[in-house]
Amino acid sequence: MRHRSNQPRARNYTGRRPVTTNQATRPVAYSYHQNRALTSEKSGRGNDATQLQKRRIGANRLKLIMALTVIIIVLILELPVSSNAKIVIAGGSEASASLPTASYQTAAEHILSSSLTDHTKLTLNSSTLAAQLKKQFPEINSVNVSYSVFSWRPTISLKLSQPVLTLEDANNKYLVSNSGIVVGIGSAAKSSLPLVVDDSNLSPVTGRPILPANYVNFISELLAQLAANGVSSSQLVLPKASAELDLTPKEQNYFVKFNLQGNAEEQAGTYLAAAHYLSKQGVHPSSYIDVRLAGRAYYK
């Protein structure tokens with residue numbers, strides 16, 4: 001029986017092997033020109049990067065300066081608001097308003113100067129300004145506030161309710177708009193407006209409705225229809241009777257009763273036909289002609 005030995009086997013010696021040198025470990029011959037070229041190349045690249053970074057910083061700084069300049073210019077031009085407002089009456093001249101433009105300008109300047117927030121274009125409250133002006137001047141229909149880019153003075157455009165008649169009671173005269181609102185106190189400057197005498201105790205209050213809008217439109221349409229047929233009135237009266245208008249034609253001794261809730265054109269036509277018929281018949285009413293019922297006329 002064969003036993004194995006724990007001793008390592010001896011290898012056959014074939015001789016000394018040649019020693020090979022690794023290519024990476026070989027010493028490199030030093031070259032002064034080659035080393036200087038590499039150093040110059042690295043230095044050149046570094047300088048280019050530094051110059052590029054400086055240019056970017058300079059460009060960003062220039063952009064920042066330009067942005068700040070624009071912001072400062074905008075703040076100078078846009079933010080401040082002068083209390084010296086410019087008033088423009090839209091759709092008409094100063095002569096068509098019930099008050100001179102200076103009255104509205106004085107009120108607007110007082111509102112702007114007394115407010116703590118209305119001194120810049122960003123904080124000026126146009127709706128509050130409009131509400132205060134309308135409260136003070138009920139003839140104002142709308143208010144538009146605008147600004148010019150190169151001006152600190154705001155422009156306030158006012159659209160006014162134009163008075164179409166003057167209502168007179170025992171105390172005063174009042175200007176009434178086509179919507180029936182009392183828009184001001186009457187004056188001699190508005191003597192060209194139709195004058196309606198109030199005997200019905202309406203108690204006019206400035207800024208509030210005094211007549212229904214259809215009543216005012218009826219009066220305007222009636223006067224236009226009569227004028228077109230050569231008839232003018234010497235007096236218009238609102239009697240105590242409800243919805244009645246009494247018109248006295250010029251050079252006549254009677255008045256005509258009209259219904260303010262009816263059709264002005266039809267009633268004017270009825271009156272003109274009745275007056276023509278009575279004139280041909282030689283009849284002269286001594287008191288009135290009543291055309292309040294559609295298509296009918298009564299006289300006394």
# chains A, B, ... in the order shown; residues from 1 in each chain; ligands from 1

$ residues_around --residues "Ala227 in chain A" --least-positions-apart "5" --cutoff "12 Å" --atoms "only C-alpha atoms" --output "compact mmCIF listing (two decimals) with N, CA and C atoms, in the first residue's frame"
# COMPACT_ATOMS: atom_id res chain seq x y z
N SER A 220 -90.84 116.80 -22.49
CA SER A 220 -89.92 117.16 -23.58
C SER A 220 -90.52 116.82 -24.94
N GLU A 221 -91.14 115.64 -25.05
CA GLU A 221 -91.74 115.23 -26.32
C GLU A 221 -92.95 116.09 -26.66
N LEU A 222 -93.76 116.42 -25.68
CA LEU A 222 -94.94 117.26 -25.92
C LEU A 222 -94.55 118.63 -26.44
N SER A 232 -96.35 127.29 -29.06
CA SER A 232 -95.44 127.35 -27.92
C SER A 232 -96.25 127.62 -26.66
N SER A 233 -95.64 127.29 -25.53
CA SER A 233 -96.36 127.42 -24.26
C SER A 233 -95.89 128.65 -23.52
N PRO A 249 -101.15 127.58 -23.81
CA PRO A 249 -100.54 128.05 -25.07
C PRO A 249 -100.43 129.57 -25.08
N LYS A 250 -99.41 130.05 -25.75
CA LYS A 250 -99.25 131.51 -25.86
C LYS A 250 -100.43 132.12 -26.62
N GLU A 265 -97.23 112.24 -28.11
CA GLU A 265 -97.49 112.54 -29.52
C GLU A 265 -98.98 112.45 -29.82
N ALA A 268 -100.82 115.42 -28.14
CA ALA A 268 -100.54 116.66 -28.86
C ALA A 268 -101.37 116.73 -30.13
N LEU A 272 -104.23 119.59 -31.07
CA LEU A 272 -104.11 120.41 -32.28
C LEU A 272 -105.36 120.26 -33.16

$ atom_distance --atom1 "CA of Ala130 in chain A" --atom2 "CA of Leu193 in chain A"
28.1 Å

$ closest_residue --among "A:Arg55, A:Lys63, A:Lys134, A:Arg208" --to "Leu160 in chain A" --atoms "only C-alpha atoms"
A:Lys134

$ select_by_dssp --residues "range 229-290 of chain A" --states "strand (DSSP E)" --output "PyMOL selection string"
chain A and resi 233-238+244-249+255-259+288-290

$ write_last_selection --atoms "C-alpha atoms" --output "mmCIF file, in the first residue's frame"
data_model
loop_
_atom_site.group_PDB
_atom_site.id
_atom_site.type_symbol
_atom_site.label_atom_id
_atom_site.label_comp_id
_atom_site.auth_asym_id
_atom_site.auth_seq_id
_atom_site.Cartn_x
_atom_site.Cartn_y
_atom_site.Cartn_z
ATOM 1 C CA SER A 233 -96.365 127.421 -24.260
ATOM 2 C CA SER A 234 -96.450 130.370 -21.910
ATOM 3 C CA GLN A 235 -96.726 128.281 -18.754
ATOM 4 C CA LEU A 236 -96.415 124.682 -17.578
ATOM 5 C CA VAL A 237 -97.958 123.680 -14.259
ATOM 6 C CA LEU A 238 -98.008 120.470 -12.221
ATOM 7 C CA GLU A 244 -101.625 115.850 -14.781
ATOM 8 C CA LEU A 245 -99.781 118.569 -16.672
ATOM 9 C CA ASP A 246 -101.482 121.868 -17.474
ATOM 10 C CA LEU A 247 -100.059 123.758 -20.458
ATOM 11 C CA THR A 248 -101.112 127.266 -21.382
ATOM 12 C CA PRO A 249 -100.538 128.048 -25.072
ATOM 13 C CA PHE A 255 -104.952 125.813 -20.674
ATOM 14 C CA VAL A 256 -104.758 122.230 -21.886
ATOM 15 C CA LYS A 257 -104.912 119.241 -19.554
ATOM 16 C CA PHE A 258 -102.499 116.426 -20.466
ATOM 17 C CA ASN A 259 -102.000 113.000 -18.935
ATOM 18 C CA TYR A 288 -109.543 124.532 -20.619
ATOM 19 C CA ILE A 289 -109.336 121.780 -23.221
ATOM 20 C CA ASP A 290 -108.977 118.302 -21.748
#
